[in-house]
2 protein chains.
Amino acid sequence: MSDRRLNINNINPHVRAAKYAVRGELATKAEQYRVRLANGDKSLPFDSVIFANIGNPQQLDQKPITFFRQVLSILEYPNLLENEEALKTSFGYKQDVIDRAKKLLKDVGNVGAYSQSHGAPAIRDSVAKFIERRDGFPSDKDQIYLSGGASSAVNTLLHVICEGPQTGVLVPIPQYPLYTATLAVLNAHCVPYHLEEEKAWGTDISTIRQSLEKAKAEGIDVRAIVVINPGNPTGASLSREDIKSVIDLAVEERMVILADEVYQTNVFIGEFTSFKKRLRELQQEFPGKYDNVELASMHSVSKGMVGECGHRGGYFELVGFDPEVSAQIYKFISIMLCPPVIGQCLVELMVNPPKEGDPSYELYQQEYNGIKEGLHKRALALYEAFKKMEGVECQEPQGAMYLFPTIKLPQKAVAAAAAENRPADEFYCLRLLDATGVCVVPGTGFGQKEGTLHFRTTFLAPGTDWVERITKFHAQFMDEFR
Amino acid sequence: MSDRRLNINNINPHVRAAKYAVRGELATKAEQYRVRLANGDKSLPFDSVIFANIGNPQQLDQKPITFFRQVLSILEYPNLLENEEALKTSFGYKQDVIDRAKKLLKDVGNVGAYSQSHGAPAIRDSVAKFIERRDGFPSDKDQIYLSGGASSAVNTLLHVICEGPQTGVLVPIPQYPLYTATLAVLNAHCVPYHLEEEKAWGTDISTIRQSLEKAKAEGIDVRAIVVINPGNPTGASLSREDIKSVIDLAVEERMVILADEVYQTNVFIGEFTSFKKRLRELQQEFPGKYDNVELASMHSVSKGMVGECGHRGGYFELVGFDPEVSAQIYKFISIMLCPPVIGQCLVELMVNPPKEGDPSYELYQQEYNGIKEGLHKRALALYEAFKKMEGVECQEPQGAMYLFPTIKLPQKAVAAAAAENRPADEFYCLRLLDATGVCVVPGTGFGQKEGTLHFRTTFLAPGTDWVERITKFHAQFMDEFR
């Protein structure tokens, strides 16, 4: 027993109950390997650690977009504007970089000052205009709340939504563990609904309805449904029909929709449709029926071709919320004062990049497309490798930054895992890390149907040699436990 | 009644219960006035709004420290390093700016990537070295957790500490409302203890003990005590003896100490002593007695002469925490991934500024001292003005960024406030804003002894004309209600 006032048994039990595997044991071990290699340790069977466990593009190959970072450099040190000529001739800044920096400085005053709690008004306005262009429907800056990445947005929304231990929120399984962890901290119910692996990880309304009915029978007040589109960890991209089904269910069952749309530009197949756009279409098509829908849609600078995770920028848009509830959201975020202002500026740059004809447009397009193509190429390389691996099946990559293959392990491997008191997928992933330096996250970290095993890997790491490491390890692993 | 699923009556009642006046009605009204003036409205009786309601230095006069911002500009756009000569000749960057930027880029990799959940190791190490220099006692980087400002640190610590509705935390009154708001959200008890206005807003142990005993008698499990030193909103700076008394009480009553030390460089009288230093001294002096003390100390880039609120940087250091509890803290912050990386770099710059002999030292010193002297000068000007105002008493400014004068209002004013269903100090502050454009926060926002009235004003706004606005308004107000 600890002799301290706080010990593992008397701290907040809801914090204790929260699980967040993306940065758990495997990630910690991978970091230790990285440090050993950096210190010249030659005893490991690999010469580099591949962090395929987390969607962190700039930790790996991805270069920041030049236009964005040039503007931010001026925002941090506005005295650079005292010699525009030198910026241009010595460093290649274009006129639109300088103009945008001036505009943002005018809008936010100074990136070292607190902004309004929900972000600088001019930036919220720029986000609203982006949404209008994207969806073809109006958007109001007063319904836009800038946030410190989408994580902080989810934290805010779930805090306000969850009334107490009877509240339930429908969460897709597999899911990004932010949702289950936050619901655990709030002592609310995660009501899981399984995505359909066979249908490219799409939603199935009858499955959702089953989960919902079961929860209601247990007295749980299910008041919201989370949809991650494109999916994390699945990479799936929802069809317009799937989106309509979710909205219909939300209307019928009076649920708030939380649409996590941070991967909206990471779409390889088809076209992204936002929940907001689909909702507005339905409202036009069926007057009255969809009037009361409450929707919150999240976006972020961390993903897409922007990949600026470290800057912690994002936003959410509220649709159809009661103004008294919005006021409570505003108060709640005010307690933490405001999201990082430089991250807010990055949101503005993301939603309003150089346009055709602007001096920085060509380079921007080249960088943007280069990143997008690189992601797709690596996704396909991984997919092809997985297809060839014994006992591994993988859906065709559609979007996001992840593949989530299913693995069938030999009975002996499952027994060896049980002997170590570990889930079999965790056992597999640990062995993979120890043998190859490739760090992925076991399916248990995201949830999966009972009896199935998966792992999630990003396709961000450069090159393809690490894919071969996985292939080789897998063959040896299967042989060892055959 | 609202026809929405979420309405003011069914959302999280603990969020609803939280109060945060710093950004409440008065702040909103002040912002509306600012917009009206900016749009050319000539109908107001003032020509500028003075935001004296919030410690937001760079929104007002304060210029960022050049060295800090030059380094950050390079971190945002490392290609600037491809032409060091131009940086020097065209923009006056010194060699130490370039060297520091290179060092930080090596340490964090890329400011667009997520760092470790508790911050980049090299930056935590630099913070530990700063604490060692400050206190003369060792500090360990593994006990340092970088955070998004001190607000996020407080949020994390209270989340882990509060076990449930029986948990109590001692909070000074008046206090910065972050504490009461966060405890409200967590449905834990704020156990208030009054500071002694007559003793320059110092702590009085018998007062604290009284509050504690009362709470214990009500079955509350008081497990932590918050101390804000230097004080917000009081501006008080605690003596070494006061600090020892708090530590003694914490030992006796087995309480965790939360030391909010974000104003540690804003000290006009005497010298700042950290709780960590005082604890280590006592541990040396009385072996054994203080071994089990659990202390968390917070610091921030938002205050001091740095004033970089918008960058959301800070840290907390844990002392004496059970490693299993620290592991839960680590997991909890991992859910939000990491604090803004550019803010982390700013923490490093704050704790490791240019040293004597470094090329940027002279300018740094000049800027730092200029800000410090400006703050003190304005604090004294306000103080002198308050001393002359009828019915106003104010403690001599000792530190932080605030004065918290007590005001005695005529009975008629109190009655007029009651007729509007407002606390009298709020009534006074609203009248002040409407008449002069000066926005301050009523004492009710921070808590005050029953029957007393106060307001908090920062002394950040440039010039002294706004002080005269207050003086003139006050005389008229007193006349009106005499």
# chains A, B, ... in the order shown; residues from 1 in each chain; ligands from 1

call {"tool": "select_by_dssp", "arguments": {"residues": "segment 268-453 of chain B", "states": "strand (DSSP E)", "output": "VMD selection string"}}
result
chain B and resid 295 to 300 314 to 319 392 to 393 402 to 403 406 to 407 438 to 439 441 to 442

call {"tool": "residues_around", "arguments": {"residues": "Lys277 of chain B", "least_positions_apart": "2", "cutoff": "8 Å", "atoms": "only C-alpha atoms", "output": "ChimeraX atom specification"}}
result
/B:135-137,273-275,279-281

call {"tool": "closest_residue", "arguments": {"among": "B:Gly399, B:Gly112, B:Gly168, B:Gly231", "to": "chain A", "atoms": "only C-alpha atoms"}}
result
B:Gly112

call {"tool": "atom_distance", "arguments": {"atom1": "atom CA of Leu186 of chain A", "atom2": "atom CA of Glu163 of chain A"}}
result
9.1 Å

call {"tool": "residues_around", "arguments": {"residues": "Phe455 of chain A", "least_positions_apart": "6", "cutoff": "8 Å", "atoms": "only C-alpha atoms", "output": "list in words"}}
result
Phe404, Pro405, Thr406, Ile407, Asp425, Cys429, Val440, Val441, Pro442 and Gly443 of chain A

call {"tool": "select_by_dssp", "arguments": {"residues": "segment 34-282 of chain A", "states": "helix (DSSP H, G or I)", "output": "PDB file with C-alpha atoms, in the first residue's frame"}}
result
ATOM      1  CA  ARG A  34      14.050   4.569 -30.481  1.00  0.00           C
ATOM      2  CA  VAL A  35      16.157   6.014 -27.664  1.00  0.00           C
ATOM      3  CA  ARG A  36      18.348   2.876 -27.548  1.00  0.00           C
ATOM      4  CA  LEU A  37      18.985   3.081 -31.291  1.00  0.00           C
ATOM      5  CA  ALA A  38      19.707   6.813 -31.051  1.00  0.00           C
ATOM      6  CA  PRO A  57       2.367  12.732 -40.413  1.00  0.00           C
ATOM      7  CA  GLN A  58       5.124  15.247 -39.672  1.00  0.00           C
ATOM      8  CA  GLN A  59       6.852  12.891 -37.257  1.00  0.00           C
ATOM      9  CA  THR A  66       5.175  25.943 -47.438  1.00  0.00           C
ATOM     10  CA  PHE A  67       2.477  28.630 -47.735  1.00  0.00           C
ATOM     11  CA  PHE A  68       1.075  27.801 -44.289  1.00  0.00           C
ATOM     12  CA  ARG A  69       4.392  27.906 -42.531  1.00  0.00           C
ATOM     13  CA  GLN A  70       5.631  31.050 -44.245  1.00  0.00           C
ATOM     14  CA  VAL A  71       2.522  32.873 -43.048  1.00  0.00           C
ATOM     15  CA  LEU A  72       2.937  31.499 -39.516  1.00  0.00           C
ATOM     16  CA  SER A  73       6.573  32.643 -39.387  1.00  0.00           C
ATOM     17  CA  ILE A  74       5.420  36.213 -39.993  1.00  0.00           C
ATOM     18  CA  LEU A  75       2.627  35.918 -37.424  1.00  0.00           C
ATOM     19  CA  GLU A  76       5.214  34.876 -34.839  1.00  0.00           C
ATOM     20  CA  PRO A  78       5.644  40.512 -37.470  1.00  0.00           C
ATOM     21  CA  ASN A  79       8.823  42.619 -37.685  1.00  0.00           C
ATOM     22  CA  LEU A  80       9.646  40.467 -40.707  1.00  0.00           C
ATOM     23  CA  LEU A  81       7.174  42.705 -42.527  1.00  0.00           C
ATOM     24  CA  GLU A  82       9.567  45.611 -42.116  1.00  0.00           C
ATOM     25  CA  ASN A  83      11.604  44.227 -44.999  1.00  0.00           C
ATOM     26  CA  GLU A  84       9.211  42.611 -47.465  1.00  0.00           C
ATOM     27  CA  GLU A  85      11.777  42.813 -50.224  1.00  0.00           C
ATOM     28  CA  ALA A  86      14.239  40.656 -48.282  1.00  0.00           C
ATOM     29  CA  LEU A  87      11.497  38.150 -47.491  1.00  0.00           C
ATOM     30  CA  LYS A  88      10.867  37.799 -51.189  1.00  0.00           C
ATOM     31  CA  THR A  89      14.379  37.803 -52.549  1.00  0.00           C
ATOM     32  CA  SER A  90      16.220  35.945 -49.775  1.00  0.00           C
ATOM     33  CA  PHE A  91      13.508  33.474 -48.756  1.00  0.00           C
ATOM     34  CA  GLN A  95       3.116  38.520 -52.149  1.00  0.00           C
ATOM     35  CA  ASP A  96       0.076  36.445 -51.112  1.00  0.00           C
ATOM     36  CA  VAL A  97       2.021  35.125 -48.102  1.00  0.00           C
ATOM     37  CA  ILE A  98       2.703  38.666 -46.977  1.00  0.00           C
ATOM     38  CA  ASP A  99      -0.857  39.804 -47.647  1.00  0.00           C
ATOM     39  CA  ARG A 100      -2.368  36.911 -45.744  1.00  0.00           C
ATOM     40  CA  ALA A 101      -0.088  37.454 -42.768  1.00  0.00           C
ATOM     41  CA  LYS A 102      -1.102  41.125 -42.656  1.00  0.00           C
ATOM     42  CA  LYS A 103      -4.756  40.186 -42.859  1.00  0.00           C
ATOM     43  CA  LEU A 104      -4.473  37.635 -40.042  1.00  0.00           C
ATOM     44  CA  LEU A 105      -2.500  40.046 -37.855  1.00  0.00           C
ATOM     45  CA  LYS A 106      -5.239  42.589 -38.356  1.00  0.00           C
ATOM     46  CA  ASP A 107      -7.855  39.959 -37.530  1.00  0.00           C
ATOM     47  CA  VAL A 108      -6.295  38.477 -34.384  1.00  0.00           C
ATOM     48  CA  PRO A 121     -14.359  36.186 -35.115  1.00  0.00           C
ATOM     49  CA  ALA A 122     -12.695  36.708 -38.510  1.00  0.00           C
ATOM     50  CA  ILE A 123     -11.308  33.159 -38.462  1.00  0.00           C
ATOM     51  CA  ARG A 124     -14.679  31.709 -37.524  1.00  0.00           C
ATOM     52  CA  ASP A 125     -16.113  33.685 -40.410  1.00  0.00           C
ATOM     53  CA  SER A 126     -13.550  32.209 -42.791  1.00  0.00           C
ATOM     54  CA  VAL A 127     -14.466  28.711 -41.581  1.00  0.00           C
ATOM     55  CA  ALA A 128     -18.154  29.450 -42.197  1.00  0.00           C
ATOM     56  CA  LYS A 129     -17.362  30.573 -45.750  1.00  0.00           C
ATOM     57  CA  PHE A 130     -15.378  27.377 -46.342  1.00  0.00           C
ATOM     58  CA  ILE A 131     -18.307  25.260 -45.195  1.00  0.00           C
ATOM     59  CA  GLU A 132     -20.606  27.206 -47.510  1.00  0.00           C
ATOM     60  CA  ARG A 133     -18.302  26.549 -50.466  1.00  0.00           C
ATOM     61  CA  ARG A 134     -17.921  22.879 -49.509  1.00  0.00           C
ATOM     62  CA  ASP A 135     -21.612  22.144 -48.952  1.00  0.00           C
ATOM     63  CA  LYS A 141     -19.726  32.083 -37.844  1.00  0.00           C
ATOM     64  CA  ASP A 142     -21.585  32.279 -34.525  1.00  0.00           C
ATOM     65  CA  GLN A 143     -22.158  28.518 -34.729  1.00  0.00           C
ATOM     66  CA  GLY A 149      -7.716  19.895 -32.305  1.00  0.00           C
ATOM     67  CA  ALA A 150     -10.838  17.780 -32.659  1.00  0.00           C
ATOM     68  CA  SER A 151     -10.006  15.982 -29.386  1.00  0.00           C
ATOM     69  CA  SER A 152     -10.818  19.067 -27.395  1.00  0.00           C
ATOM     70  CA  ALA A 153     -14.029  19.522 -29.407  1.00  0.00           C
ATOM     71  CA  VAL A 154     -15.158  15.992 -28.540  1.00  0.00           C
ATOM     72  CA  ASN A 155     -14.256  16.569 -24.909  1.00  0.00           C
ATOM     73  CA  THR A 156     -16.388  19.729 -24.821  1.00  0.00           C
ATOM     74  CA  LEU A 157     -19.404  18.234 -26.551  1.00  0.00           C
ATOM     75  CA  LEU A 158     -19.490  15.049 -24.485  1.00  0.00           C
ATOM     76  CA  HIS A 159     -19.080  17.085 -21.289  1.00  0.00           C
ATOM     77  CA  VAL A 160     -22.196  19.072 -22.090  1.00  0.00           C
ATOM     78  CA  ILE A 161     -24.251  16.179 -23.473  1.00  0.00           C
ATOM     79  CA  LEU A 178     -10.936   9.213 -27.528  1.00  0.00           C
ATOM     80  CA  TYR A 179     -14.673   8.488 -27.405  1.00  0.00           C
ATOM     81  CA  THR A 180     -14.662   5.551 -25.009  1.00  0.00           C
ATOM     82  CA  ALA A 181     -12.002   7.212 -22.834  1.00  0.00           C
ATOM     83  CA  THR A 182     -13.941  10.469 -22.538  1.00  0.00           C
ATOM     84  CA  LEU A 183     -17.215   8.675 -21.813  1.00  0.00           C
ATOM     85  CA  ALA A 184     -15.403   6.653 -19.137  1.00  0.00           C
ATOM     86  CA  VAL A 185     -14.065   9.838 -17.510  1.00  0.00           C
ATOM     87  CA  GLU A 197     -16.293  -5.329 -41.995  1.00  0.00           C
ATOM     88  CA  GLU A 198     -17.758  -7.299 -44.904  1.00  0.00           C
ATOM     89  CA  LYS A 199     -19.439  -4.141 -46.217  1.00  0.00           C
ATOM     90  CA  ILE A 205     -28.817   0.595 -39.347  1.00  0.00           C
ATOM     91  CA  SER A 206     -30.336  -2.636 -38.071  1.00  0.00           C
ATOM     92  CA  THR A 207     -27.129  -3.300 -36.095  1.00  0.00           C
ATOM     93  CA  ILE A 208     -27.233   0.192 -34.635  1.00  0.00           C
ATOM     94  CA  ARG A 209     -30.892  -0.198 -33.788  1.00  0.00           C
ATOM     95  CA  GLN A 210     -30.200  -3.483 -32.000  1.00  0.00           C
ATOM     96  CA  SER A 211     -27.548  -1.846 -29.810  1.00  0.00           C
ATOM     97  CA  LEU A 212     -29.860   1.045 -29.132  1.00  0.00           C
ATOM     98  CA  GLU A 213     -32.810  -1.142 -28.132  1.00  0.00           C
ATOM     99  CA  LYS A 214     -30.608  -3.212 -25.838  1.00  0.00           C
ATOM    100  CA  ALA A 215     -29.345  -0.066 -24.115  1.00  0.00           C
ATOM    101  CA  LYS A 216     -32.839   1.386 -23.782  1.00  0.00           C
ATOM    102  CA  ALA A 217     -34.053  -1.874 -22.249  1.00  0.00           C
ATOM    103  CA  ARG A 240     -24.798   9.322 -49.064  1.00  0.00           C
ATOM    104  CA  GLU A 241     -27.342   6.605 -48.360  1.00  0.00           C
ATOM    105  CA  ASP A 242     -25.559   5.514 -45.152  1.00  0.00           C
ATOM    106  CA  ILE A 243     -25.465   9.126 -43.977  1.00  0.00           C
ATOM    107  CA  LYS A 244     -29.187   9.512 -44.616  1.00  0.00           C
ATOM    108  CA  SER A 245     -29.909   6.343 -42.635  1.00  0.00           C
ATOM    109  CA  VAL A 246     -28.024   7.692 -39.639  1.00  0.00           C
ATOM    110  CA  ILE A 247     -29.848  11.023 -39.845  1.00  0.00           C
ATOM    111  CA  ASP A 248     -33.188   9.218 -40.129  1.00  0.00           C
ATOM    112  CA  LEU A 249     -32.394   7.166 -37.069  1.00  0.00           C
ATOM    113  CA  ALA A 250     -31.366  10.299 -35.183  1.00  0.00           C
ATOM    114  CA  VAL A 251     -34.703  11.929 -36.031  1.00  0.00           C
ATOM    115  CA  GLU A 252     -36.701   8.862 -35.073  1.00  0.00           C
ATOM    116  CA  GLU A 253     -34.858   8.266 -31.821  1.00  0.00           C
ATOM    117  CA  PHE A 275     -23.434  15.331 -42.525  1.00  0.00           C
ATOM    118  CA  LYS A 276     -24.314  19.015 -42.616  1.00  0.00           C
ATOM    119  CA  LYS A 277     -24.740  19.005 -46.393  1.00  0.00           C
ATOM    120  CA  ARG A 278     -26.814  15.810 -46.352  1.00  0.00           C
ATOM    121  CA  LEU A 279     -28.977  17.213 -43.568  1.00  0.00           C
ATOM    122  CA  ARG A 280     -29.624  20.457 -45.461  1.00  0.00           C
ATOM    123  CA  GLU A 281     -30.519  18.499 -48.586  1.00  0.00           C
ATOM    124  CA  LEU A 282     -33.003  16.403 -46.635  1.00  0.00           C
TER     125      LEU A 282
END

call {"tool": "residues_around", "arguments": {"residues": "Ile269 of chain A", "least_positions_apart": "3", "cutoff": "12 Å", "atoms": "only C-alpha atoms", "output": "NGL selection string"}}
result
:A and (200 or 230 or 235-239 or 264-266 or 272 or 376 or 396-400)

call {"tool": "residues_around", "arguments": {"residues": "Pro174 of chain A", "least_positions_apart": "5", "cutoff": "8 Å", "atoms": "only C-alpha atoms", "output": "JSON, numbers by chain"}}
result
{"A": [194, 195, 232, 233, 234, 443, 446, 447, 448]}

call {"tool": "closest_residue", "arguments": {"among": "A:Val191, A:Ile11, A:Ala27, A:Ala21", "to": "chain B", "atoms": "only C-alpha atoms"}}
result
A:Ile11

call {"tool": "residues_around", "arguments": {"residues": "segment 286-296 of chain A", "least_positions_apart": "5", "cutoff": "6 Å", "atoms": "only C-alpha atoms", "output": "number ranges by chain"}}
result
A: 256-258, 317-321

call {"tool": "atom_distance", "arguments": {"atom1": "atom CA of Gly202 of chain A", "atom2": "atom CA of Ala381 of chain A"}}
result
22.8 Å

call {"tool": "closest_residue", "arguments": {"among": "A:Gly270, A:Gly343, A:Pro138, A:Gly451", "to": "chain B", "atoms": "only C-alpha atoms"}}
result
A:Gly343

call {"tool": "closest_residue", "arguments": {"among": "A:Ala113, A:Tyr263, A:Asp140, A:Ile470", "to": "Lys388 of chain A", "atoms": "only C-alpha atoms"}}
result
A:Ile470

call {"tool": "atom_distance", "arguments": {"atom1": "atom CA of Tyr383 of chain A", "atom2": "atom CA of Ser115 of chain B"}}
result
28.4 Å

call {"tool": "closest_residue", "arguments": {"among": "A:Ile220, A:Cys190, A:Leu146, A:Leu337", "to": "chain B", "atoms": "only C-alpha atoms"}}
result
A:Leu337

call {"tool": "residues_around", "arguments": {"residues": "segment 309-316 of chain A", "least_positions_apart": "4", "cutoff": "6 Å", "atoms": "only C-alpha atoms", "output": "number ranges by chain"}}
result
A: 144-150, 297-302, 343-344; B: 111-114, 340-341

call {"tool": "write_last_selection", "arguments": {"atoms": "C-alpha atoms", "output": "short mmCIF file (atom, residue, chain, number, x, y, z; two decimals), in the first residue's frame"}}
result
data_model
loop_
_atom_site.label_atom_id
_atom_site.label_comp_id
_atom_site.auth_asym_id
_atom_site.auth_seq_id
_atom_site.Cartn_x
_atom_site.Cartn_y
_atom_site.Cartn_z
CA ILE A 144 -18.44 27.84 -35.29
CA TYR A 145 -16.26 27.06 -32.27
CA LEU A 146 -12.52 26.83 -32.80
CA SER A 147 -10.86 24.17 -30.68
CA GLY A 148 -7.48 22.71 -29.77
CA GLY A 149 -7.72 19.90 -32.30
CA ALA A 150 -10.84 17.78 -32.66
CA SER A 297 -19.43 18.40 -36.97
CA MET A 298 -15.70 18.38 -36.13
CA HIS A 299 -12.68 19.14 -38.28
CA SER A 300 -8.97 19.52 -37.55
CA VAL A 301 -5.63 20.72 -38.93
CA SER A 302 -3.99 17.48 -37.75
CA GLY A 343 -3.43 26.94 -34.32
CA GLN A 344 -6.50 29.07 -35.04
CA VAL B 111 6.55 21.70 -34.38
CA GLY B 112 3.80 20.22 -36.58
CA ALA B 113 4.20 16.74 -35.07
CA TYR B 114 2.63 15.49 -31.85
CA PRO B 340 0.71 22.75 -28.50
CA VAL B 341 4.33 22.16 -29.52
#
